[in-house]
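> Structure: work.txt, compact mmCIF, C-alpha atoms and all ligand atoms.
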# COMPACT_ATOMS: atom_id res chain seq x y z
CA MET A 1 -116.67 -40.97 142.44
CA SER A 2 -120.07 -41.51 144.01
CA ASP A 3 -121.20 -44.92 145.17
CA GLU A 4 -124.11 -45.01 142.81
CA ILE A 5 -123.61 -47.52 140.02
CA ILE A 6 -123.91 -45.86 136.64
CA TYR A 7 -122.91 -48.71 134.31
CA SER A 8 -123.65 -52.41 134.48
CA VAL A 9 -121.79 -54.60 132.03
CA VAL A 10 -123.47 -57.95 131.41
CA VAL A 11 -121.37 -60.81 130.09
CA PRO A 12 -122.83 -64.27 129.33
CA VAL A 13 -120.22 -66.94 129.95
CA PHE A 14 -120.34 -70.54 128.83
CA ASN A 15 -117.07 -72.47 129.10
CA GLU A 16 -114.83 -69.47 128.48
CA GLU A 17 -111.90 -70.25 130.81
CA THR A 18 -109.38 -69.36 128.13
CA VAL A 19 -110.67 -65.84 127.52
CA LEU A 20 -111.81 -64.65 130.94
CA SER A 21 -108.50 -63.19 132.16
CA GLU A 22 -108.00 -61.18 129.00
CA LEU A 23 -111.63 -60.06 129.10
CA TYR A 24 -111.23 -58.95 132.70
CA LEU A 25 -108.15 -56.88 131.87
CA ARG A 26 -109.55 -55.21 128.78
CA LEU A 27 -112.99 -54.58 130.17
CA THR A 28 -111.92 -53.12 133.51
CA GLN A 29 -109.32 -50.98 131.79
CA ILE A 30 -111.96 -49.46 129.52
CA MET A 31 -114.58 -49.08 132.24
CA ASP A 32 -112.06 -47.35 134.53
CA GLN A 33 -111.57 -44.71 131.85
CA LEU A 34 -115.19 -43.65 132.23
CA LYS A 35 -114.42 -42.38 135.75
CA GLU A 36 -117.85 -43.38 136.98
CA ASN A 37 -118.88 -46.27 139.17
CA TYR A 38 -119.70 -49.53 137.44
CA GLU A 39 -120.34 -53.23 137.99
CA ILE A 40 -119.55 -56.19 135.75
CA ILE A 41 -122.08 -59.01 135.97
CA LEU A 42 -120.73 -62.30 134.71
CA VAL A 43 -123.52 -64.78 134.12
CA ASN A 44 -122.20 -68.31 134.32
CA ASP A 45 -124.45 -70.23 131.97
CA GLY A 46 -123.71 -73.71 133.32
CA SER A 47 -120.03 -73.83 132.39
CA THR A 48 -118.41 -77.20 132.93
CA ASP A 49 -114.84 -75.91 132.85
CA SER A 50 -113.10 -73.74 135.45
CA SER A 51 -114.89 -70.51 134.42
CA LEU A 52 -116.73 -70.21 137.73
CA GLU A 53 -113.57 -70.54 139.83
CA ILE A 54 -111.92 -67.87 137.73
CA MET A 55 -114.91 -65.58 138.22
CA ARG A 56 -114.77 -66.16 141.98
CA LYS A 57 -111.15 -65.05 141.97
CA PHE A 58 -112.04 -61.92 140.03
CA HIS A 59 -114.63 -61.06 142.66
CA GLN A 60 -112.13 -61.56 145.48
CA GLU A 61 -109.73 -59.18 143.74
CA ASN A 62 -112.29 -56.67 142.63
CA LYS A 63 -115.71 -56.18 144.22
CA LYS A 64 -117.03 -54.59 141.05
CA ILE A 65 -117.13 -58.06 139.52
CA LYS A 66 -120.33 -59.91 140.39
CA VAL A 67 -121.48 -63.33 139.37
CA VAL A 68 -124.82 -64.97 138.69
CA ASP A 69 -124.35 -68.72 138.60
CA PHE A 70 -127.02 -70.71 136.76
CA SER A 71 -127.92 -74.21 137.89
CA ARG A 72 -127.31 -75.45 134.32
CA ASN A 73 -126.96 -74.19 130.76
CA PHE A 74 -130.01 -72.11 129.87
CA GLY A 75 -128.64 -70.52 126.71
CA HIS A 76 -127.08 -67.27 125.65
CA GLN A 77 -130.31 -65.26 125.34
CA VAL A 78 -131.50 -66.29 128.80
CA ALA A 79 -128.08 -65.53 130.31
CA ILE A 80 -128.27 -62.00 128.91
CA THR A 81 -131.77 -61.64 130.34
CA ALA A 82 -130.60 -62.72 133.80
CA GLY A 83 -127.75 -60.22 133.64
CA THR A 84 -130.11 -57.37 132.82
CA ASP A 85 -132.51 -58.53 135.57
CA TYR A 86 -129.76 -58.19 138.17
CA ALA A 87 -128.19 -55.03 136.77
CA VAL A 88 -128.68 -51.87 138.80
CA GLY A 89 -126.81 -49.38 136.58
CA LYS A 90 -128.41 -46.50 134.72
CA ALA A 91 -127.05 -47.93 131.52
CA VAL A 92 -126.59 -51.63 130.85
CA ILE A 93 -124.01 -52.84 128.37
CA ILE A 94 -124.27 -56.35 126.94
CA ILE A 95 -121.07 -57.83 125.57
CA ASP A 96 -119.88 -61.32 124.60
CA ALA A 97 -117.13 -62.89 126.67
CA ASP A 98 -114.95 -63.90 123.73
CA LEU A 99 -113.75 -60.35 122.90
CA GLN A 100 -115.25 -60.43 119.42
CA ASP A 101 -117.00 -57.25 120.50
CA SER A 102 -114.22 -54.81 121.39
CA PRO A 103 -114.67 -53.29 124.86
CA GLU A 104 -113.19 -50.07 123.42
CA VAL A 105 -116.45 -49.48 121.53
CA ILE A 106 -118.23 -49.07 124.87
CA LEU A 107 -116.73 -45.58 125.13
CA GLN A 108 -118.54 -44.62 121.92
CA PHE A 109 -121.75 -46.22 123.17
CA VAL A 110 -121.57 -44.14 126.34
CA LYS A 111 -120.98 -40.96 124.34
CA LYS A 112 -124.16 -41.58 122.34
CA TRP A 113 -126.06 -42.47 125.50
CA LYS A 114 -125.04 -39.16 127.03
CA GLU A 115 -126.35 -37.45 123.90
CA GLY A 116 -129.75 -38.89 124.77
CA TYR A 117 -129.99 -42.18 122.88
CA GLU A 118 -131.61 -44.93 124.91
CA VAL A 119 -130.40 -47.89 122.86
CA VAL A 120 -127.00 -47.87 121.19
CA TYR A 121 -126.24 -51.04 119.27
CA GLY A 122 -123.05 -52.19 117.58
CA VAL A 123 -123.13 -52.72 113.81
CA ARG A 124 -120.57 -55.22 112.64
CA GLU A 125 -118.69 -53.57 109.85
CA LYS A 126 -116.13 -56.16 109.06
CA ARG A 127 -116.20 -59.64 110.44
CA GLU A 128 -112.68 -60.85 110.81
CA LYS A 129 -111.97 -64.40 109.84
CA GLU A 130 -115.37 -65.63 110.82
CA MET A 131 -116.47 -68.70 109.02
CA PHE A 132 -117.83 -67.93 105.58
CA PHE A 133 -120.79 -70.14 106.33
CA LYS A 134 -121.63 -68.18 109.48
CA LYS A 135 -121.40 -64.84 107.72
CA LEU A 136 -123.50 -66.05 104.82
CA THR A 137 -126.21 -67.56 106.99
CA ALA A 138 -126.29 -64.44 109.17
CA LYS A 139 -126.74 -62.22 106.10
CA ILE A 140 -129.51 -64.37 104.68
CA PHE A 141 -131.16 -64.58 108.07
CA TYR A 142 -131.31 -60.83 108.70
CA HIS A 143 -132.58 -60.02 105.22
CA LEU A 144 -135.20 -62.73 105.41
CA PHE A 145 -136.16 -61.76 108.95
CA ASN A 146 -136.70 -58.15 107.98
CA ARG A 147 -138.90 -59.15 105.07
CA ILE A 148 -141.16 -61.47 106.98
CA SER A 149 -141.32 -60.01 110.48
CA GLU A 150 -143.22 -57.06 111.85
CA LEU A 151 -139.88 -55.70 113.04
CA GLU A 152 -136.96 -54.06 111.27
CA ILE A 153 -133.65 -55.21 112.71
CA PRO A 154 -130.56 -53.42 111.45
CA VAL A 155 -128.53 -55.92 109.43
CA ASP A 156 -125.30 -57.11 111.06
CA THR A 157 -126.17 -56.27 114.62
CA GLY A 158 -125.76 -58.63 117.54
CA ASP A 159 -126.49 -58.34 121.21
CA PHE A 160 -123.52 -56.03 121.76
CA ARG A 161 -125.34 -52.88 122.84
CA LEU A 162 -125.94 -50.31 125.53
CA ILE A 163 -129.48 -49.99 126.84
CA ASP A 164 -130.83 -47.36 129.16
CA LYS A 165 -132.40 -48.25 132.49
CA LYS A 166 -135.84 -47.37 131.07
CA VAL A 167 -135.46 -49.96 128.35
CA VAL A 168 -134.13 -52.49 130.86
CA ASN A 169 -137.20 -51.98 133.00
CA SER A 170 -139.48 -52.62 130.04
CA LEU A 171 -137.44 -55.69 129.16
CA LYS A 172 -137.98 -57.00 132.67
CA GLY A 173 -141.71 -56.97 132.01
CA ILE A 174 -141.33 -59.20 128.97
CA ARG A 175 -140.93 -62.75 130.20
CA GLU A 176 -141.51 -64.67 126.99
CA LYS A 177 -139.71 -67.97 127.04
CA ASN A 178 -138.11 -68.48 123.63
CA ARG A 179 -136.47 -65.12 123.60
CA PHE A 180 -134.78 -63.16 120.86
CA VAL A 181 -133.34 -60.36 122.95
CA ARG A 182 -132.08 -58.07 120.20
CA GLY A 183 -135.54 -58.19 118.62
CA LEU A 184 -137.15 -57.34 121.93
CA THR A 185 -134.95 -54.30 122.48
CA ILE A 186 -135.95 -53.03 119.03
CA TRP A 187 -139.61 -53.83 119.68
CA ILE A 188 -139.57 -51.76 122.87
CA GLY A 189 -138.75 -48.64 120.87
CA PHE A 190 -137.14 -45.51 122.36
CA ASN A 191 -134.38 -43.54 120.67
CA GLN A 192 -132.00 -45.93 119.01
CA THR A 193 -128.78 -45.52 117.10
CA GLY A 194 -125.96 -47.73 115.82
CA ILE A 195 -122.18 -47.54 116.05
CA ARG A 196 -120.12 -49.30 113.40
CA TYR A 197 -117.28 -51.45 114.63
CA HIS A 198 -114.94 -54.15 113.44
CA ARG A 199 -115.94 -57.50 114.80
CA ALA A 200 -112.72 -59.20 115.80
CA GLU A 201 -111.83 -62.84 115.81
CA ARG A 202 -112.72 -64.87 118.88
CA TYR A 203 -109.82 -64.32 121.31
CA SER A 204 -109.50 -68.01 122.06
CA GLY A 205 -111.57 -71.16 122.42
CA TYR A 206 -114.29 -72.20 120.01
CA THR A 207 -117.81 -71.03 119.21
CA LYS A 208 -120.52 -72.01 121.67
CA TYR A 209 -123.11 -71.72 118.91
CA PRO A 210 -123.10 -75.00 117.05
CA LEU A 211 -125.45 -75.36 114.10
CA LYS A 212 -128.24 -76.77 116.24
CA LYS A 213 -128.26 -73.77 118.60
CA MET A 214 -128.02 -71.38 115.66
CA PHE A 215 -131.02 -73.01 114.07
CA LYS A 216 -133.10 -72.75 117.25
CA PHE A 217 -132.03 -69.14 117.61
CA ALA A 218 -133.22 -68.34 114.06
CA LEU A 219 -136.52 -70.16 114.59
CA ASP A 220 -137.12 -68.30 117.87
CA ALA A 221 -136.52 -65.03 116.10
CA VAL A 222 -138.95 -65.79 113.30
CA PHE A 223 -141.70 -67.36 115.36
CA SER A 224 -141.64 -64.63 118.00
CA PHE A 225 -141.93 -61.79 115.52
CA SER A 226 -143.81 -63.11 112.51
CA LYS A 227 -147.07 -64.81 111.70
CA LEU A 228 -146.16 -65.18 108.07
CA PRO A 229 -145.31 -68.90 108.33
CA LEU A 230 -148.91 -69.54 109.40
CA ARG A 231 -150.19 -67.53 106.51
CA LEU A 232 -147.92 -69.46 104.15
CA ALA A 233 -149.95 -72.55 104.99
CA THR A 234 -153.11 -70.76 103.92
CA TYR A 235 -151.47 -69.40 100.78
CA SER A 236 -150.12 -72.78 99.72
CA GLY A 237 -153.56 -74.31 100.36
CA PHE A 238 -155.20 -71.81 98.03
CA THR A 239 -152.47 -72.20 95.41
CA VAL A 240 -152.74 -75.98 95.32
CA ALA A 241 -156.55 -75.74 95.24
CA ALA A 242 -156.44 -73.33 92.28
CA ALA A 243 -153.91 -75.50 90.44
CA SER A 244 -156.00 -78.63 90.94
CA CYS A 245 -159.15 -76.88 89.65
CA LEU A 246 -157.31 -75.84 86.49
CA TYR A 247 -156.01 -79.34 86.09
CA LEU A 248 -159.53 -80.76 86.47
CA LEU A 249 -160.77 -78.51 83.68
CA TYR A 250 -157.93 -79.71 81.48
CA VAL A 251 -158.74 -83.36 82.16
CA LEU A 252 -162.44 -82.80 81.47
CA PHE A 253 -161.61 -81.05 78.25
CA LEU A 254 -159.49 -83.98 77.09
CA LYS A 255 -162.19 -86.45 78.01
CA LEU A 256 -165.06 -84.63 76.33
CA PHE A 257 -163.48 -83.17 73.23
CA THR A 258 -160.53 -85.40 72.32
CA GLU A 259 -159.63 -89.04 72.01
CA ARG A 260 -156.77 -88.74 74.49
CA THR A 261 -156.93 -89.87 78.10
CA ILE A 262 -154.44 -89.20 80.85
CA GLN A 263 -151.99 -91.91 81.90
CA GLY A 264 -152.18 -91.12 85.53
CA TRP A 265 -149.80 -93.21 87.67
CA THR A 266 -146.77 -90.92 87.88
CA LEU A 267 -148.92 -87.90 88.34
CA LEU A 268 -150.97 -89.56 91.02
CA VAL A 269 -147.94 -90.51 93.06
CA PHE A 270 -146.50 -87.05 92.61
CA ALA A 271 -149.74 -85.41 93.73
CA ILE A 272 -149.99 -87.60 96.82
CA LEU A 273 -146.38 -87.05 97.85
CA PHE A 274 -146.48 -83.34 97.11
CA LEU A 275 -149.65 -82.67 99.03
CA GLY A 276 -148.58 -84.97 101.82
CA SER A 277 -145.36 -83.04 102.29
CA VAL A 278 -147.08 -79.66 102.11
CA GLN A 279 -149.45 -80.85 104.81
CA LEU A 280 -146.62 -82.12 106.97
CA ILE A 281 -144.75 -78.84 106.67
CA CYS A 282 -147.90 -76.92 107.60
CA LEU A 283 -148.42 -79.18 110.58
CA GLY A 284 -144.83 -78.56 111.61
CA ILE A 285 -145.34 -74.81 111.38
CA ILE A 286 -148.47 -75.00 113.51
CA GLY A 287 -146.50 -77.25 115.88
CA GLU A 288 -143.78 -74.61 116.26
CA TYR A 289 -146.31 -72.04 117.40
CA LEU A 290 -148.12 -74.58 119.53
CA GLY A 291 -144.91 -75.63 121.29
CA ARG A 292 -144.18 -72.01 122.07
CA ILE A 293 -147.70 -71.44 123.38
CA SER A 294 -147.23 -74.50 125.57
CA ASP A 295 -143.95 -73.08 126.91
CA GLU A 296 -145.73 -69.86 127.81
CA ILE A 297 -148.59 -71.62 129.55
CA LYS A 298 -146.32 -73.82 131.63
CA ASN A 299 -144.77 -70.55 132.70
CA ARG A 300 -141.65 -72.04 134.21
CA PRO A 301 -139.07 -69.51 135.33
CA LEU A 302 -136.67 -68.48 132.59
CA TYR A 303 -133.69 -69.64 134.61
CA VAL A 304 -132.68 -71.08 137.95
CA VAL A 305 -129.85 -69.49 139.90
CA ARG A 306 -127.59 -71.61 142.08
CA GLU A 307 -125.92 -68.66 143.73
CA THR A 308 -125.02 -65.05 143.25
CA ILE A 309 -121.68 -63.60 144.20
CA GLY A 310 -121.32 -59.97 145.20
CA MET A 311 -124.94 -58.94 144.67
CA ASP A 312 -126.34 -56.46 147.21
CA LYS A 313 -129.86 -57.70 147.08
CA ILE A 314 -131.37 -61.00 146.19
CA GLN A 315 -133.41 -60.57 143.06
CA GLY A 316 -135.01 -63.61 141.56
CA ASP A 317 -136.58 -64.19 138.21
CA SER A 318 -139.84 -62.34 138.15
N1 LIG A 401 -122.94 -68.32 125.51
C1 LIG A 401 -123.73 -68.62 126.63
N2 LIG A 401 -124.52 -69.73 126.61
C2 LIG A 401 -124.59 -70.57 125.53
C3 LIG A 401 -123.82 -70.25 124.38
C4 LIG A 401 -123.02 -69.11 124.40
O1 LIG A 401 -123.71 -67.89 127.61
O2 LIG A 401 -125.32 -71.56 125.58
C5 LIG A 401 -122.09 -67.11 125.53
C6 LIG A 401 -120.63 -67.34 125.18
O3 LIG A 401 -119.87 -67.67 126.31
C7 LIG A 401 -120.25 -65.99 124.61
C8 LIG A 401 -121.53 -65.51 123.94
O4 LIG A 401 -122.58 -66.25 124.54
O5 LIG A 401 -119.91 -65.06 125.61
C9 LIG A 401 -121.54 -65.71 122.44
O6 LIG A 401 -121.19 -67.03 122.13
P1 LIG A 401 -120.12 -67.38 121.01
O7 LIG A 401 -119.05 -66.36 120.97
O8 LIG A 401 -119.68 -68.79 121.18
O9 LIG A 401 -121.03 -67.27 119.70
P2 LIG A 401 -120.55 -66.75 118.26
O10 LIG A 401 -119.83 -65.44 118.47
O11 LIG A 401 -119.66 -67.80 117.73
O12 LIG A 401 -121.83 -66.60 117.52
MG MG A 402 -118.31 -65.13 119.64
Give the structure from this file in structure tokens form.

Amino acid sequence: MSDEIIYSVVVPVFNEETVLSELYLRLTQIMDQLKENYEIILVNDGSTDSSLEIMRKFHQENKKIKVVDFSRNFGHQVAITAGTDYAVGKAVIIIDADLQDSPEVILQFVKKWKEGYEVVYGVREKREKEMFFKKLTAKIFYHLFNRISELEIPVDTGDFRLIDKKVVNSLKGIREKNRFVRGLTIWIGFNQTGIRYHRAERYSGYTKYPLKKMFKFALDAVFSFSKLPLRLATYSGFTVAAASCLYLLYVLFLKLFTERTIQGWTLLVFAILFLGSVQLICLGIIGEYLGRISDEIKNRPLYVVRETIGMDKIQGDS
């Protein structure tokens, strides 16, 4: 086996002390089968449990395990980005720590990569025992996203994927702050294909994606790849304007040609509240884009690293 690293496996870790040992066993066992040199980059995304100590032990046992330790929690998408920034392999594999994505599927990813595909993503065929609510919202989200965005994301894919060095290099050039990584890898292009797999149950522990994080994730996805929300403001403006013109004609007609007059109180209150809320929503939409523009202009680094363990060279956030 040559010294050159062929595969880099990137694992974002946030308070996963209960799954790390099992992950280590299953992942190294699968990677060893490939008979080529590899590294496993564990990105500690500000865990407050003993995850980091466990990772340190892994590195002492096995120098293929490397660690990037964040100074605090920066979020799943940023942790993945850091992992790919540090990865030196010719193919980078992104996998969740909780073993919902079976390491065994990596063998199929690699086969496709060797056939010439530059992005191989996992398509979740069956989602074991995941919360109904999560599955439902994910389905709605992907269908909606594909309708309104400039991008077509295969339904039921996650970040579990293999990406070629070329794609990783392009990804390194994209430093946008509120990132939706799976969207970015699709946006980059190249030859892509999917592998269907059964998404297992979380091995242990609980989800690190509470509703609030899920909501931010969905908003990031939409606002980074669609301008439709902005256009909706324009459309609703025109619609309300047209409706009010028609209504004016109706009122004039009643006034000029009939004895009836409009009793207006309820309608007036309705009109004020309705238009007020439409305006507030539109302001909110503009605010979402504005906030993101502000994040870009501030141009803070995506993440801050406290220390790296086992890395050959010091690479910072570019
Ligand atoms: N994760 C992370 N930072 C976070 C939240 C999650 O690094 O702020 C990691 C987590 O440790 C796991 C992966 O991202 O490896 C996916 O999280 P999780 O399995 O909790 O999400 P779910 O599968 O429930 O959507
Ligand atoms: Mg999970």
> Name all residues at most 12 Å from A:Val222 (count all atoms listed in the file; drop same-chain ones fewer than 3 positions away) and give them as number ranges by chain.
A: 141-151, 153, 178-180, 183, 215-219, 225-230, 285, 288-289, 292
> Could you give me the residues within 6 Å of ligand LIG 401 (chain A), counting all atoms listed in the file, as a PDB file with C-alpha atoms, in the coordinates of the input?

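Done, and the output landed in selection20.pdb:
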ATOM      1  CA  PRO A  12    -122.830 -64.270 129.330  1.00  0.00           C
ATOM      2  CA  VAL A  13    -120.220 -66.940 129.950  1.00  0.00           C
ATOM      3  CA  PHE A  14    -120.340 -70.540 128.830  1.00  0.00           C
ATOM      4  CA  GLU A  16    -114.830 -69.470 128.480  1.00  0.00           C
ATOM      5  CA  ASP A  45    -124.450 -70.230 131.970  1.00  0.00           C
ATOM      6  CA  GLY A  75    -128.640 -70.520 126.710  1.00  0.00           C
ATOM      7  CA  HIS A  76    -127.080 -67.270 125.650  1.00  0.00           C
ATOM      8  CA  ALA A  79    -128.080 -65.530 130.310  1.00  0.00           C
ATOM      9  CA  ASP A  96    -119.880 -61.320 124.600  1.00  0.00           C
ATOM     10  CA  ALA A  97    -117.130 -62.890 126.670  1.00  0.00           C
ATOM     11  CA  ASP A  98    -114.950 -63.900 123.730  1.00  0.00           C
ATOM     12  CA  THR A 207    -117.810 -71.030 119.210  1.00  0.00           C
ATOM     13  CA  LYS A 208    -120.520 -72.010 121.670  1.00  0.00           C
ATOM     14  CA  TYR A 209    -123.110 -71.720 118.910  1.00  0.00           C
TER      15      TYR A 209
END
> So how far away is atom CA of A:Gly122 from atom CA of A:Asp49, in Å?
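Those two atoms sit 29.4 Å apart.
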> One number please: atom CA of A:Phe74 to atom CA of A:Asn44, in Å, one decimal.
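A separation of 9.8 Å between them.
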> Pick from A:Phe190, A:Phe58, A:Tyr203, A:Tyr86: nearest to ligand MG 402 (chain A), with all atoms listed in the file counted?
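Among the listed residues, A:Tyr203 lies closest to ligand MG 402 (chain A).
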> Do you know which residues are at most 8 Å from A:Leu99 counting all atoms listed in the file, after dropping those on the same chain fewer than 3 positions away, and could you put them as a list in words?
Val19, Leu23, Asp96, Ser102, Pro103, Ala200, Glu201, Arg202 and Tyr203 of chain A
> Atom CA of A:Phe109 and atom CA of A:Arg196, how far apart in Å?
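Between atom CA of A:Arg196 and atom CA of A:Phe109 the gap works out to 10.4 Å.
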> Skip A:Glu176 itself and residues of its chain fewer than 4 positions away, then list as a list of chain:residue names all residues within 10 Å of it, counting only C-alpha atoms.
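The contact residues come out as A:Phe180, A:Leu184, A:Ser224, A:Arg292, A:Ile293, A:Asp295, A:Glu296, A:Asn299, A:Pro301, A:Leu302.
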> Identify which of the residues A:Arg199, A:Arg260, A:Lys213, A:Lys57 lies closest to ligand MG 402 (chain A), counting all atoms listed in the file when measuring atom-to-atom distances.
A:Arg199
> For each of A:Ser8, A:Asn169, A:Asn62, A:Ser51, take the minimum atom-to-atom distance to A:Ile93, counting all atoms listed in the file, then give the residue where this is smallest.
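Among A:Ser8, A:Asn169, A:Asn62, A:Ser51, it is A:Ser8 that comes nearest to A:Ile93.
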> Which residues are close to stretch 71-73 of chain A, i.e. within 7 Å by only C-alpha atoms, leaving aside same-chain residues fewer than 6 positions away? Reply as a list in words.
Asp45, Gly46, Val304, Val305 and Arg306 of chain A
> Return the single residue from A:Phe274, A:Tyr7, A:Trp187, A:Tyr303 that is closest to A:Ser236, with distances computed using only C-alpha atoms.
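Ranked by minimum distance to A:Ser236, first place goes to A:Phe274.
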> So, counting only C-alpha atoms, which residue among A:Ile272, A:Ile40, A:Ile30, A:Val11 is closest to A:Ile65?
A:Ile40
> Mind giving me the axis-aligned box for stretch 24-36 of chain A with 5 Å on every side, centre plus edges in Å to one decimal, as JSON?

{"center_x": -113.0, "center_y": -50.7, "center_z": 132.9, "size_x": 19.7, "size_y": 26.6, "size_z": 18.2}
> Pick the closest to A:Glu61 from A:Leu211, A:Gly310, A:Leu232, A:Arg175: which is it, counting all atoms listed in the file?
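The answer is A:Gly310, which sits nearest to A:Glu61.
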> Neighbouring residues of A:Thr185 were defined as those with any atom within 10 Å, considering only C-alpha atoms; residues of the same chain fewer than 2 positions away were excluded. Please report them as a VMD selection string.
chain A and resid 119 121 153 159 161 163 167 to 168 170 to 171 180 to 183 187 to 190 192
> Can I get stretch 72-85 of chain A with N, CA, C and O atoms filled in, as a PDB file, in the coordinates of the input?

ATOM      1  N   ARG A  72    -127.703 -74.671 135.493  1.00  0.00           N
ATOM      2  CA  ARG A  72    -127.310 -75.450 134.320  1.00  0.00           C
ATOM      3  C   ARG A  72    -127.231 -74.500 133.132  1.00  0.00           C
ATOM      4  O   ARG A  72    -127.429 -73.297 133.317  1.00  0.00           O
ATOM      5  N   ASN A  73    -127.006 -75.032 131.951  1.00  0.00           N
ATOM      6  CA  ASN A  73    -126.960 -74.190 130.760  1.00  0.00           C
ATOM      7  C   ASN A  73    -128.376 -73.840 130.307  1.00  0.00           C
ATOM      8  O   ASN A  73    -129.174 -74.721 130.009  1.00  0.00           O
ATOM      9  N   PHE A  74    -128.677 -72.543 130.317  1.00  0.00           N
ATOM     10  CA  PHE A  74    -130.010 -72.110 129.870  1.00  0.00           C
ATOM     11  C   PHE A  74    -129.953 -71.395 128.524  1.00  0.00           C
ATOM     12  O   PHE A  74    -130.980 -71.008 127.989  1.00  0.00           O
ATOM     13  N   GLY A  75    -128.762 -71.161 128.027  1.00  0.00           N
ATOM     14  CA  GLY A  75    -128.640 -70.520 126.710  1.00  0.00           C
ATOM     15  C   GLY A  75    -128.274 -69.056 126.805  1.00  0.00           C
ATOM     16  O   GLY A  75    -128.577 -68.371 127.785  1.00  0.00           O
ATOM     17  N   HIS A  76    -127.614 -68.626 125.763  1.00  0.00           N
ATOM     18  CA  HIS A  76    -127.080 -67.270 125.650  1.00  0.00           C
ATOM     19  C   HIS A  76    -128.132 -66.184 125.908  1.00  0.00           C
ATOM     20  O   HIS A  76    -127.930 -65.281 126.709  1.00  0.00           O
ATOM     21  N   GLN A  77    -129.288 -66.310 125.249  1.00  0.00           N
ATOM     22  CA  GLN A  77    -130.310 -65.260 125.340  1.00  0.00           C
ATOM     23  C   GLN A  77    -130.868 -65.158 126.770  1.00  0.00           C
ATOM     24  O   GLN A  77    -131.141 -64.066 127.257  1.00  0.00           O
ATOM     25  N   VAL A  78    -130.987 -66.286 127.426  1.00  0.00           N
ATOM     26  CA  VAL A  78    -131.500 -66.290 128.800  1.00  0.00           C
ATOM     27  C   VAL A  78    -130.422 -65.730 129.744  1.00  0.00           C
ATOM     28  O   VAL A  78    -130.726 -64.991 130.689  1.00  0.00           O
ATOM     29  N   ALA A  79    -129.171 -66.053 129.473  1.00  0.00           N
ATOM     30  CA  ALA A  79    -128.080 -65.530 130.310  1.00  0.00           C
ATOM     31  C   ALA A  79    -128.050 -63.999 130.243  1.00  0.00           C
ATOM     32  O   ALA A  79    -127.897 -63.320 131.266  1.00  0.00           O
ATOM     33  N   ILE A  80    -128.231 -63.470 129.055  1.00  0.00           N
ATOM     34  CA  ILE A  80    -128.270 -62.000 128.910  1.00  0.00           C
ATOM     35  C   ILE A  80    -129.438 -61.441 129.714  1.00  0.00           C
ATOM     36  O   ILE A  80    -129.310 -60.437 130.417  1.00  0.00           O
ATOM     37  N   THR A  81    -130.582 -62.114 129.622  1.00  0.00           N
ATOM     38  CA  THR A  81    -131.770 -61.640 130.340  1.00  0.00           C
ATOM     39  C   THR A  81    -131.511 -61.610 131.838  1.00  0.00           C
ATOM     40  O   THR A  81    -131.847 -60.635 132.524  1.00  0.00           O
ATOM     41  N   ALA A  82    -130.888 -62.679 132.365  1.00  0.00           N
ATOM     42  CA  ALA A  82    -130.600 -62.720 133.800  1.00  0.00           C
ATOM     43  C   ALA A  82    -129.694 -61.557 134.179  1.00  0.00           C
ATOM     44  O   ALA A  82    -129.918 -60.877 135.181  1.00  0.00           O
ATOM     45  N   GLY A  83    -128.677 -61.325 133.365  1.00  0.00           N
ATOM     46  CA  GLY A  83    -127.750 -60.220 133.640  1.00  0.00           C
ATOM     47  C   GLY A  83    -128.490 -58.892 133.732  1.00  0.00           C
ATOM     48  O   GLY A  83    -128.272 -58.107 134.656  1.00  0.00           O
ATOM     49  N   THR A  84    -129.390 -58.649 132.792  1.00  0.00           N
ATOM     50  CA  THR A  84    -130.110 -57.370 132.820  1.00  0.00           C
ATOM     51  C   THR A  84    -131.098 -57.338 133.998  1.00  0.00           C
ATOM     52  O   THR A  84    -131.368 -56.280 134.541  1.00  0.00           O
ATOM     53  N   ASP A  85    -131.619 -58.495 134.402  1.00  0.00           N
ATOM     54  CA  ASP A  85    -132.510 -58.530 135.570  1.00  0.00           C
ATOM     55  C   ASP A  85    -131.767 -58.079 136.829  1.00  0.00           C
ATOM     56  O   ASP A  85    -132.326 -57.390 137.680  1.00  0.00           O
TER      57      ASP A  85
END
